[in-house]
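Undergrad: Take this structure first; my questions come after.
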Amino acid sequence: MSAPPDLHGLKILVVEDETMIFFLAEDMLTELGCSTIWHASRISEALSLLKANRPDAALLDVNLAGEPAFPVAERLAAEGVPFVFATGYGSGGLPPDWRQRPVIQKPFTLEMLAAAVGQALRSAHDESPAR
């Protein structure tokens, strides 16, 4: 296995409605070096957090208590914030327009999370205009 990506000092938004999964993700992201982890369990909370903060990346549960999280994905994409979808259904559970985004299937491991966030960050870097 390759070395995990360097996530040291990154600010991450985790949009997850199940508290235990959030705590697991928070522990993993902390272990990977992230400095700030914001949590939202509803779409309205996530959108409110995004008005006041700009994360370096986000982990987005696809289904928030029966409500699809795509409004949050749209905001993240519009603002150029890389993100990873987390779902129990894999990429097949996503609408076709979102399937190019990194996806991790629940339950996920530290290695899976690190690889997916690293992929999202690399993809965003590759898509950004040269400075």
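Here's how to read the names in the structure tokens: chain A, B, ... by the order shown, residue numbers from 1 in each chain, ligand numbers from 1 in the order shown.
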Need to verify the contact set: Lys51 in chain A, 12 Å, only C-alpha atoms, exclusion of same-chain residues closer than 5 positions in sequence. Can you return it as a ChimeraX atom specification?
TA: /A:44-46,72,75-76,79
Undergrad: For the structure I just gave you, how does DSSP split chain A - specifically, which residues are strand (DSSP E or B)? Reply as a list of chain:residue names.
TA: A:Lys11, A:Ile12, A:Leu13, A:Val14, A:Val15, A:Thr36, A:Ile37, A:Trp38, A:His39, A:Ala40, A:Ala57, A:Ala58, A:Leu59, A:Leu60, A:Asp61, A:Asn63, A:Leu64, A:Glu67, A:Pro68, A:Phe83, A:Val84, A:Phe85, A:Ala86, A:Thr87, A:Val103, A:Ile104, A:Gln105
Undergrad: Could you state the separation of CA of Leu49 in chain A and CA of Leu7 in chain A in Å, given to one decimal place?
TA: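 Separation of CA of Leu49 in chain A and CA of Leu7 in chain A: 20.7 Å.
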Undergrad: Near range 103-119 of chain A, within 12 Å and counting only C-alpha atoms, which residues show up once chain neighbours fewer than 5 positions away are dropped, as a PDB file with N, CA and C atoms, in the first residue's frame?
TA:
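Written output follows (result-v1.pdb):
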ATOM      1  N   MET A   1       0.838  -1.182   0.000  1.00  0.00           N
ATOM      2  CA  MET A   1       0.000   0.000   0.000  1.00  0.00           C
ATOM      3  C   MET A   1       0.881   1.243   0.000  1.00  0.00           C
ATOM      4  N   SER A   2       0.478   2.268  -0.745  1.00  0.00           N
ATOM      5  CA  SER A   2       1.238   3.507  -0.780  1.00  0.00           C
ATOM      6  C   SER A   2       0.986   4.310   0.487  1.00  0.00           C
ATOM      7  N   ALA A   3       1.850   5.284   0.708  1.00  0.00           N
ATOM      8  CA  ALA A   3       1.704   6.129   1.893  1.00  0.00           C
ATOM      9  C   ALA A   3       0.419   6.942   1.789  1.00  0.00           C
ATOM     10  N   PRO A   4      -0.244   7.183   2.910  1.00  0.00           N
ATOM     11  CA  PRO A   4      -1.468   7.983   2.869  1.00  0.00           C
ATOM     12  C   PRO A   4      -1.136   9.419   2.463  1.00  0.00           C
ATOM     13  N   PRO A   5      -2.098  10.118   1.874  1.00  0.00           N
ATOM     14  CA  PRO A   5      -1.833  11.499   1.482  1.00  0.00           C
ATOM     15  C   PRO A   5      -1.587  12.357   2.713  1.00  0.00           C
ATOM     16  N   ASP A   6      -0.883  13.448   2.524  1.00  0.00           N
ATOM     17  CA  ASP A   6      -0.617  14.357   3.625  1.00  0.00           C
ATOM     18  C   ASP A   6      -1.827  15.261   3.817  1.00  0.00           C
ATOM     19  N   LEU A   7      -2.575  15.016   4.846  1.00  0.00           N
ATOM     20  CA  LEU A   7      -3.750  15.820   5.144  1.00  0.00           C
ATOM     21  C   LEU A   7      -3.473  16.774   6.306  1.00  0.00           C
ATOM     22  N   HIS A   8      -2.190  16.892   6.675  1.00  0.00           N
ATOM     23  CA  HIS A   8      -1.805  17.695   7.826  1.00  0.00           C
ATOM     24  C   HIS A   8      -2.310  19.135   7.703  1.00  0.00           C
ATOM     25  N   LEU A  10      -5.314  20.271   7.302  1.00  0.00           N
ATOM     26  CA  LEU A  10      -6.498  20.550   6.493  1.00  0.00           C
ATOM     27  C   LEU A  10      -7.749  20.713   7.345  1.00  0.00           C
ATOM     28  N   LYS A  11      -8.663  21.518   6.816  1.00  0.00           N
ATOM     29  CA  LYS A  11      -9.983  21.729   7.429  1.00  0.00           C
ATOM     30  C   LYS A  11     -10.987  20.925   6.612  1.00  0.00           C
ATOM     31  N   ILE A  12     -11.714  20.060   7.290  1.00  0.00           N
ATOM     32  CA  ILE A  12     -12.618  19.131   6.618  1.00  0.00           C
ATOM     33  C   ILE A  12     -14.032  19.299   7.168  1.00  0.00           C
ATOM     34  N   LEU A  13     -14.997  19.336   6.261  1.00  0.00           N
ATOM     35  CA  LEU A  13     -16.410  19.310   6.642  1.00  0.00           C
ATOM     36  C   LEU A  13     -16.911  17.886   6.486  1.00  0.00           C
ATOM     37  N   VAL A  14     -17.500  17.345   7.536  1.00  0.00           N
ATOM     38  CA  VAL A  14     -18.103  16.011   7.484  1.00  0.00           C
ATOM     39  C   VAL A  14     -19.611  16.197   7.617  1.00  0.00           C
ATOM     40  N   GLU A  16     -22.748  14.147   7.934  1.00  0.00           N
ATOM     41  CA  GLU A  16     -23.118  12.770   8.281  1.00  0.00           C
ATOM     42  C   GLU A  16     -24.187  12.823   9.356  1.00  0.00           C
ATOM     43  N   GLU A  18     -25.395  10.112  11.060  1.00  0.00           N
ATOM     44  CA  GLU A  18     -25.237   9.096  12.100  1.00  0.00           C
ATOM     45  C   GLU A  18     -24.034   9.449  12.969  1.00  0.00           C
ATOM     46  N   MET A  20     -22.319   7.998  15.341  1.00  0.00           N
ATOM     47  CA  MET A  20     -21.200   7.057  15.483  1.00  0.00           C
ATOM     48  C   MET A  20     -20.301   7.083  14.242  1.00  0.00           C
ATOM     49  N   ILE A  21     -20.889   7.198  13.076  1.00  0.00           N
ATOM     50  CA  ILE A  21     -20.082   7.255  11.850  1.00  0.00           C
ATOM     51  C   ILE A  21     -19.298   8.564  11.815  1.00  0.00           C
ATOM     52  N   PHE A  22     -19.935   9.662  12.248  1.00  0.00           N
ATOM     53  CA  PHE A  22     -19.201  10.928  12.309  1.00  0.00           C
ATOM     54  C   PHE A  22     -17.996  10.799  13.241  1.00  0.00           C
ATOM     55  N   LEU A  24     -16.331   8.197  14.120  1.00  0.00           N
ATOM     56  CA  LEU A  24     -15.340   7.330  13.480  1.00  0.00           C
ATOM     57  C   LEU A  24     -14.559   8.119  12.424  1.00  0.00           C
ATOM     58  N   ALA A  25     -15.277   8.844  11.571  1.00  0.00           N
ATOM     59  CA  ALA A  25     -14.619   9.650  10.533  1.00  0.00           C
ATOM     60  C   ALA A  25     -13.746  10.727  11.155  1.00  0.00           C
ATOM     61  N   GLU A  26     -14.242  11.364  12.201  1.00  0.00           N
ATOM     62  CA  GLU A  26     -13.472  12.408  12.886  1.00  0.00           C
ATOM     63  C   GLU A  26     -12.159  11.842  13.431  1.00  0.00           C
ATOM     64  N   ASP A  27     -12.226  10.679  14.077  1.00  0.00           N
ATOM     65  CA  ASP A  27     -11.017  10.034  14.599  1.00  0.00           C
ATOM     66  C   ASP A  27     -10.031   9.723  13.476  1.00  0.00           C
ATOM     67  N   MET A  28     -10.549   9.203  12.366  1.00  0.00           N
ATOM     68  CA  MET A  28      -9.684   8.858  11.240  1.00  0.00           C
ATOM     69  C   MET A  28      -9.039  10.108  10.640  1.00  0.00           C
ATOM     70  N   LEU A  29      -9.821  11.152  10.437  1.00  0.00           N
ATOM     71  CA  LEU A  29      -9.290  12.388   9.856  1.00  0.00           C
ATOM     72  C   LEU A  29      -8.268  13.035  10.788  1.00  0.00           C
ATOM     73  N   THR A  30      -8.504  12.971  12.076  1.00  0.00           N
ATOM     74  CA  THR A  30      -7.534  13.488  13.043  1.00  0.00           C
ATOM     75  C   THR A  30      -6.241  12.691  12.959  1.00  0.00           C
ATOM     76  N   GLU A  31      -6.373  11.371  12.869  1.00  0.00           N
ATOM     77  CA  GLU A  31      -5.196  10.512  12.745  1.00  0.00           C
ATOM     78  C   GLU A  31      -4.409  10.817  11.466  1.00  0.00           C
ATOM     79  N   LEU A  32      -5.114  11.230  10.420  1.00  0.00           N
ATOM     80  CA  LEU A  32      -4.473  11.576   9.150  1.00  0.00           C
ATOM     81  C   LEU A  32      -3.880  12.984   9.156  1.00  0.00           C
ATOM     82  N   GLY A  33      -4.077  13.719  10.261  1.00  0.00           N
ATOM     83  CA  GLY A  33      -3.437  15.021  10.397  1.00  0.00           C
ATOM     84  C   GLY A  33      -4.323  16.238  10.195  1.00  0.00           C
ATOM     85  N   CYS A  34      -5.595  16.041   9.938  1.00  0.00           N
ATOM     86  CA  CYS A  34      -6.485  17.187   9.752  1.00  0.00           C
ATOM     87  C   CYS A  34      -6.559  18.010  11.039  1.00  0.00           C
ATOM     88  N   ASP A  56     -11.158  22.698   3.276  1.00  0.00           N
ATOM     89  CA  ASP A  56     -10.238  22.274   2.221  1.00  0.00           C
ATOM     90  C   ASP A  56     -10.815  21.097   1.446  1.00  0.00           C
ATOM     91  N   ALA A  57     -11.668  20.329   2.112  1.00  0.00           N
ATOM     92  CA  ALA A  57     -12.322  19.167   1.500  1.00  0.00           C
ATOM     93  C   ALA A  57     -13.517  18.792   2.368  1.00  0.00           C
ATOM     94  N   ALA A  58     -14.347  17.888   1.843  1.00  0.00           N
ATOM     95  CA  ALA A  58     -15.523  17.468   2.601  1.00  0.00           C
ATOM     96  C   ALA A  58     -15.792  15.983   2.374  1.00  0.00           C
ATOM     97  N   LEU A  59     -16.396  15.385   3.379  1.00  0.00           N
ATOM     98  CA  LEU A  59     -16.895  14.015   3.325  1.00  0.00           C
ATOM     99  C   LEU A  59     -18.401  14.124   3.439  1.00  0.00           C
ATOM    100  N   LEU A  60     -19.115  13.639   2.441  1.00  0.00           N
ATOM    101  CA  LEU A  60     -20.544  13.893   2.324  1.00  0.00           C
ATOM    102  C   LEU A  60     -21.332  12.597   2.251  1.00  0.00           C
ATOM    103  N   ASP A  61     -22.102  12.319   3.309  1.00  0.00           N
ATOM    104  CA  ASP A  61     -23.016  11.184   3.294  1.00  0.00           C
ATOM    105  C   ASP A  61     -24.088  11.478   2.251  1.00  0.00           C
ATOM    106  N   VAL A  62     -24.389  10.527   1.400  1.00  0.00           N
ATOM    107  CA  VAL A  62     -25.338  10.741   0.320  1.00  0.00           C
ATOM    108  C   VAL A  62     -26.765  10.892   0.844  1.00  0.00           C
ATOM    109  N   ASN A  63     -27.102  10.156   1.889  1.00  0.00           N
ATOM    110  CA  ASN A  63     -28.474  10.136   2.392  1.00  0.00           C
ATOM    111  C   ASN A  63     -28.488  10.636   3.832  1.00  0.00           C
ATOM    112  N   VAL A  81     -14.653  23.210  -3.817  1.00  0.00           N
ATOM    113  CA  VAL A  81     -14.190  22.431  -2.661  1.00  0.00           C
ATOM    114  C   VAL A  81     -14.262  20.952  -3.019  1.00  0.00           C
ATOM    115  N   PRO A  82     -13.125  20.246  -3.000  1.00  0.00           N
ATOM    116  CA  PRO A  82     -13.160  18.813  -3.306  1.00  0.00           C
ATOM    117  C   PRO A  82     -13.923  18.044  -2.232  1.00  0.00           C
ATOM    118  N   PHE A  83     -14.624  17.011  -2.662  1.00  0.00           N
ATOM    119  CA  PHE A  83     -15.376  16.222  -1.695  1.00  0.00           C
ATOM    120  C   PHE A  83     -15.462  14.773  -2.117  1.00  0.00           C
ATOM    121  N   VAL A  84     -15.796  13.963  -1.116  1.00  0.00           N
ATOM    122  CA  VAL A  84     -15.946  12.518  -1.271  1.00  0.00           C
ATOM    123  C   VAL A  84     -17.352  12.160  -0.827  1.00  0.00           C
ATOM    124  N   PHE A  85     -18.030  11.361  -1.609  1.00  0.00           N
ATOM    125  CA  PHE A  85     -19.316  10.821  -1.183  1.00  0.00           C
ATOM    126  C   PHE A  85     -19.074   9.572  -0.342  1.00  0.00           C
ATOM    127  N   ALA A  86     -19.854   9.412   0.710  1.00  0.00           N
ATOM    128  CA  ALA A  86     -19.853   8.189   1.518  1.00  0.00           C
ATOM    129  C   ALA A  86     -21.254   7.604   1.443  1.00  0.00           C
ATOM    130  N   THR A  87     -21.338   6.328   1.104  1.00  0.00           N
ATOM    131  CA  THR A  87     -22.639   5.702   0.958  1.00  0.00           C
ATOM    132  C   THR A  87     -22.535   4.204   1.201  1.00  0.00           C
ATOM    133  N   GLY A  88     -23.621   3.618   1.590  1.00  0.00           N
ATOM    134  CA  GLY A  88     -23.679   2.174   1.741  1.00  0.00           C
ATOM    135  C   GLY A  88     -23.914   1.466   0.420  1.00  0.00           C
ATOM    136  N   TYR A  89     -24.161   2.235  -0.643  1.00  0.00           N
ATOM    137  CA  TYR A  89     -24.532   1.652  -1.928  1.00  0.00           C
ATOM    138  C   TYR A  89     -23.436   1.726  -2.983  1.00  0.00           C
ATOM    139  N   GLY A  90     -22.297   2.336  -2.677  1.00  0.00           N
ATOM    140  CA  GLY A  90     -21.237   2.483  -3.664  1.00  0.00           C
ATOM    141  C   GLY A  90     -21.621   3.491  -4.733  1.00  0.00           C
ATOM    142  N   SER A  91     -20.785   3.638  -5.742  1.00  0.00           N
ATOM    143  CA  SER A  91     -21.032   4.649  -6.772  1.00  0.00           C
ATOM    144  C   SER A  91     -22.300   4.365  -7.570  1.00  0.00           C
ATOM    145  N   GLY A  92     -22.744   3.118  -7.615  1.00  0.00           N
ATOM    146  CA  GLY A  92     -23.977   2.774  -8.314  1.00  0.00           C
ATOM    147  C   GLY A  92     -25.203   3.424  -7.713  1.00  0.00           C
ATOM    148  N   GLY A  93     -25.113   3.862  -6.455  1.00  0.00           N
ATOM    149  CA  GLY A  93     -26.233   4.520  -5.800  1.00  0.00           C
ATOM    150  C   GLY A  93     -26.296   6.015  -6.068  1.00  0.00           C
ATOM    151  N   LEU A  94     -25.374   6.521  -6.887  1.00  0.00           N
ATOM    152  CA  LEU A  94     -25.336   7.950  -7.207  1.00  0.00           C
ATOM    153  C   LEU A  94     -25.963   8.221  -8.563  1.00  0.00           C
ATOM    154  N   TRP A  98     -22.967  12.577 -10.778  1.00  0.00           N
ATOM    155  CA  TRP A  98     -22.064  12.621  -9.630  1.00  0.00           C
ATOM    156  C   TRP A  98     -21.090  11.453  -9.586  1.00  0.00           C
ATOM    157  N   ALA A 124      -9.057  17.945  -7.724  1.00  0.00           N
ATOM    158  CA  ALA A 124      -9.329  19.377  -7.644  1.00  0.00           C
ATOM    159  C   ALA A 124      -8.090  20.159  -8.063  1.00  0.00           C
ATOM    160  N   HIS A 125      -6.919  19.690  -7.659  1.00  0.00           N
ATOM    161  CA  HIS A 125      -5.673  20.362  -8.020  1.00  0.00           C
ATOM    162  C   HIS A 125      -5.453  20.293  -9.534  1.00  0.00           C
ATOM    163  N   ASP A 126      -5.727  19.123 -10.113  1.00  0.00           N
ATOM    164  CA  ASP A 126      -5.553  18.930 -11.556  1.00  0.00           C
ATOM    165  C   ASP A 126      -6.524  19.798 -12.365  1.00  0.00           C
TER     166      ASP A 126
END
Undergrad: Which parts of chain A does DSSP call alpha helix (DSSP H) when run on the backbone here, written out as a ChimeraX atom specification?
TA: /A:19-31,43-52,70-78,110-127
Undergrad: Okay, now the selection with N, CA and C atoms, as a short mmCIF file (atom, residue, chain, number, x, y, z; two decimals), in the first residue's frame?
TA:
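Wrote it out as out.cif, contents follow:
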data_model
loop_
_atom_site.label_atom_id
_atom_site.label_comp_id
_atom_site.auth_asym_id
_atom_site.auth_seq_id
_atom_site.Cartn_x
_atom_site.Cartn_y
_atom_site.Cartn_z
N THR A 19 -24.31 9.73 14.23
CA THR A 19 -23.29 10.22 15.15
C THR A 19 -22.09 9.29 15.25
N MET A 20 -22.32 8.00 15.34
CA MET A 20 -21.20 7.06 15.48
C MET A 20 -20.30 7.08 14.24
N ILE A 21 -20.89 7.20 13.08
CA ILE A 21 -20.08 7.26 11.85
C ILE A 21 -19.30 8.56 11.81
N PHE A 22 -19.94 9.66 12.25
CA PHE A 22 -19.20 10.93 12.31
C PHE A 22 -18.00 10.80 13.24
N PHE A 23 -18.20 10.26 14.44
CA PHE A 23 -17.08 10.12 15.39
C PHE A 23 -15.97 9.25 14.81
N LEU A 24 -16.33 8.20 14.12
CA LEU A 24 -15.34 7.33 13.48
C LEU A 24 -14.56 8.12 12.42
N ALA A 25 -15.28 8.84 11.57
CA ALA A 25 -14.62 9.65 10.53
C ALA A 25 -13.75 10.73 11.15
N GLU A 26 -14.24 11.36 12.20
CA GLU A 26 -13.47 12.41 12.89
C GLU A 26 -12.16 11.84 13.43
N ASP A 27 -12.23 10.68 14.08
CA ASP A 27 -11.02 10.03 14.60
C ASP A 27 -10.03 9.72 13.48
N MET A 28 -10.55 9.20 12.37
CA MET A 28 -9.68 8.86 11.24
C MET A 28 -9.04 10.11 10.64
N LEU A 29 -9.82 11.15 10.44
CA LEU A 29 -9.29 12.39 9.86
C LEU A 29 -8.27 13.04 10.79
N THR A 30 -8.50 12.97 12.08
CA THR A 30 -7.53 13.49 13.04
C THR A 30 -6.24 12.69 12.96
N GLU A 31 -6.37 11.37 12.87
CA GLU A 31 -5.20 10.51 12.75
C GLU A 31 -4.41 10.82 11.47
N ILE A 43 -28.78 19.03 5.81
CA ILE A 43 -28.42 19.87 4.67
C ILE A 43 -28.37 21.33 5.08
N SER A 44 -29.38 21.78 5.82
CA SER A 44 -29.41 23.19 6.24
C SER A 44 -28.21 23.56 7.10
N GLU A 45 -27.80 22.64 7.98
CA GLU A 45 -26.60 22.89 8.80
C GLU A 45 -25.35 22.99 7.94
N ALA A 46 -25.22 22.08 6.98
CA ALA A 46 -24.04 22.08 6.11
C ALA A 46 -23.97 23.36 5.29
N LEU A 47 -25.09 23.78 4.73
CA LEU A 47 -25.11 25.00 3.93
C LEU A 47 -24.80 26.22 4.79
N SER A 48 -25.29 26.23 6.01
CA SER A 48 -25.00 27.32 6.94
C SER A 48 -23.51 27.35 7.28
N LEU A 49 -22.93 26.19 7.55
CA LEU A 49 -21.50 26.12 7.84
C LEU A 49 -20.68 26.62 6.66
N LEU A 50 -21.12 26.30 5.45
CA LEU A 50 -20.38 26.72 4.26
C LEU A 50 -20.46 28.23 4.01
N LYS A 51 -21.48 28.87 4.55
CA LYS A 51 -21.56 30.34 4.44
C LYS A 51 -20.48 31.00 5.27
N ALA A 52 -20.13 30.37 6.41
CA ALA A 52 -19.19 30.98 7.35
C ALA A 52 -17.78 30.42 7.26
N PHE A 70 -27.47 16.17 -2.24
CA PHE A 70 -26.95 16.79 -3.45
C PHE A 70 -26.94 18.32 -3.43
N PRO A 71 -27.83 19.00 -2.69
CA PRO A 71 -27.69 20.46 -2.61
C PRO A 71 -26.35 20.88 -1.99
N VAL A 72 -25.86 20.10 -1.04
CA VAL A 72 -24.56 20.39 -0.44
C VAL A 72 -23.45 20.10 -1.46
N ALA A 73 -23.58 18.99 -2.18
CA ALA A 73 -22.60 18.66 -3.22
C ALA A 73 -22.55 19.77 -4.27
N GLU A 74 -23.70 20.29 -4.64
CA GLU A 74 -23.74 21.37 -5.64
C GLU A 74 -23.01 22.61 -5.13
N ARG A 75 -23.23 22.96 -3.87
CA ARG A 75 -22.55 24.14 -3.30
C ARG A 75 -21.05 23.91 -3.24
N LEU A 76 -20.64 22.72 -2.79
CA LEU A 76 -19.20 22.42 -2.73
C LEU A 76 -18.58 22.49 -4.12
N ALA A 77 -19.23 21.90 -5.10
CA ALA A 77 -18.71 21.92 -6.47
C ALA A 77 -18.62 23.35 -6.99
N ALA A 78 -19.64 24.16 -6.73
CA ALA A 78 -19.65 25.54 -7.21
C ALA A 78 -18.52 26.36 -6.59
N LEU A 110 -9.66 3.46 7.52
CA LEU A 110 -8.77 4.61 7.47
C LEU A 110 -8.11 4.71 6.10
N GLU A 111 -7.66 3.59 5.58
CA GLU A 111 -6.98 3.58 4.29
C GLU A 111 -7.92 3.99 3.16
N MET A 112 -9.16 3.52 3.20
CA MET A 112 -10.14 3.90 2.18
C MET A 112 -10.43 5.39 2.24
N LEU A 113 -10.59 5.91 3.44
CA LEU A 113 -10.87 7.34 3.60
C LEU A 113 -9.69 8.17 3.12
N ALA A 114 -8.49 7.79 3.51
CA ALA A 114 -7.29 8.53 3.09
C ALA A 114 -7.15 8.54 1.58
N ALA A 115 -7.37 7.38 0.95
CA ALA A 115 -7.24 7.29 -0.50
C ALA A 115 -8.29 8.15 -1.20
N ALA A 116 -9.51 8.12 -0.72
CA ALA A 116 -10.60 8.88 -1.36
C ALA A 116 -10.39 10.38 -1.21
N VAL A 117 -10.01 10.84 -0.01
CA VAL A 117 -9.76 12.27 0.19
C VAL A 117 -8.55 12.70 -0.65
N GLY A 118 -7.52 11.87 -0.68
CA GLY A 118 -6.36 12.17 -1.51
C GLY A 118 -6.74 12.28 -2.98
N GLN A 119 -7.58 11.38 -3.45
CA GLN A 119 -8.04 11.42 -4.84
C GLN A 119 -8.83 12.70 -5.11
N ALA A 120 -9.71 13.08 -4.20
CA ALA A 120 -10.51 14.31 -4.37
C ALA A 120 -9.60 15.53 -4.43
N LEU A 121 -8.60 15.58 -3.55
CA LEU A 121 -7.67 16.72 -3.53
C LEU A 121 -6.85 16.78 -4.81
N ARG A 122 -6.36 15.62 -5.27
CA ARG A 122 -5.57 15.59 -6.52
C ARG A 122 -6.42 16.01 -7.71
N SER A 123 -7.65 15.51 -7.78
CA SER A 123 -8.55 15.86 -8.88
C SER A 123 -8.83 17.36 -8.90
N ALA A 124 -9.06 17.95 -7.72
CA ALA A 124 -9.33 19.38 -7.64
C ALA A 124 -8.09 20.16 -8.06
N HIS A 125 -6.92 19.69 -7.66
CA HIS A 125 -5.67 20.36 -8.02
C HIS A 125 -5.45 20.29 -9.53
N ASP A 126 -5.73 19.12 -10.11
CA ASP A 126 -5.55 18.93 -11.56
C ASP A 126 -6.52 19.80 -12.36
N GLU A 127 -7.73 20.06 -11.80
CA GLU A 127 -8.73 20.84 -12.51
C GLU A 127 -8.56 22.33 -12.34
#
Undergrad: With only C-alpha atoms as the atoms that count, which of A:Arg99, A:Gly80, A:Ser35, A:Ala40 lies nearest to Arg54 in chain A?
TA: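 Ranked by minimum distance to Arg54 in chain A, first place goes to A:Gly80.
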Undergrad: Separation of CA of Trp38 in chain A and CA of Asn53 in chain A, in Å?
TA: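 Between CA of Trp38 in chain A and CA of Asn53 in chain A the gap is 9.2 Å.
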Undergrad: Just give me the gap between CA of His39 in chain A and CA of Arg101 in chain A in Å, one decimal is fine.
TA: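 Value for the CA of His39 in chain A-CA of Arg101 in chain A distance: 20.6 Å.
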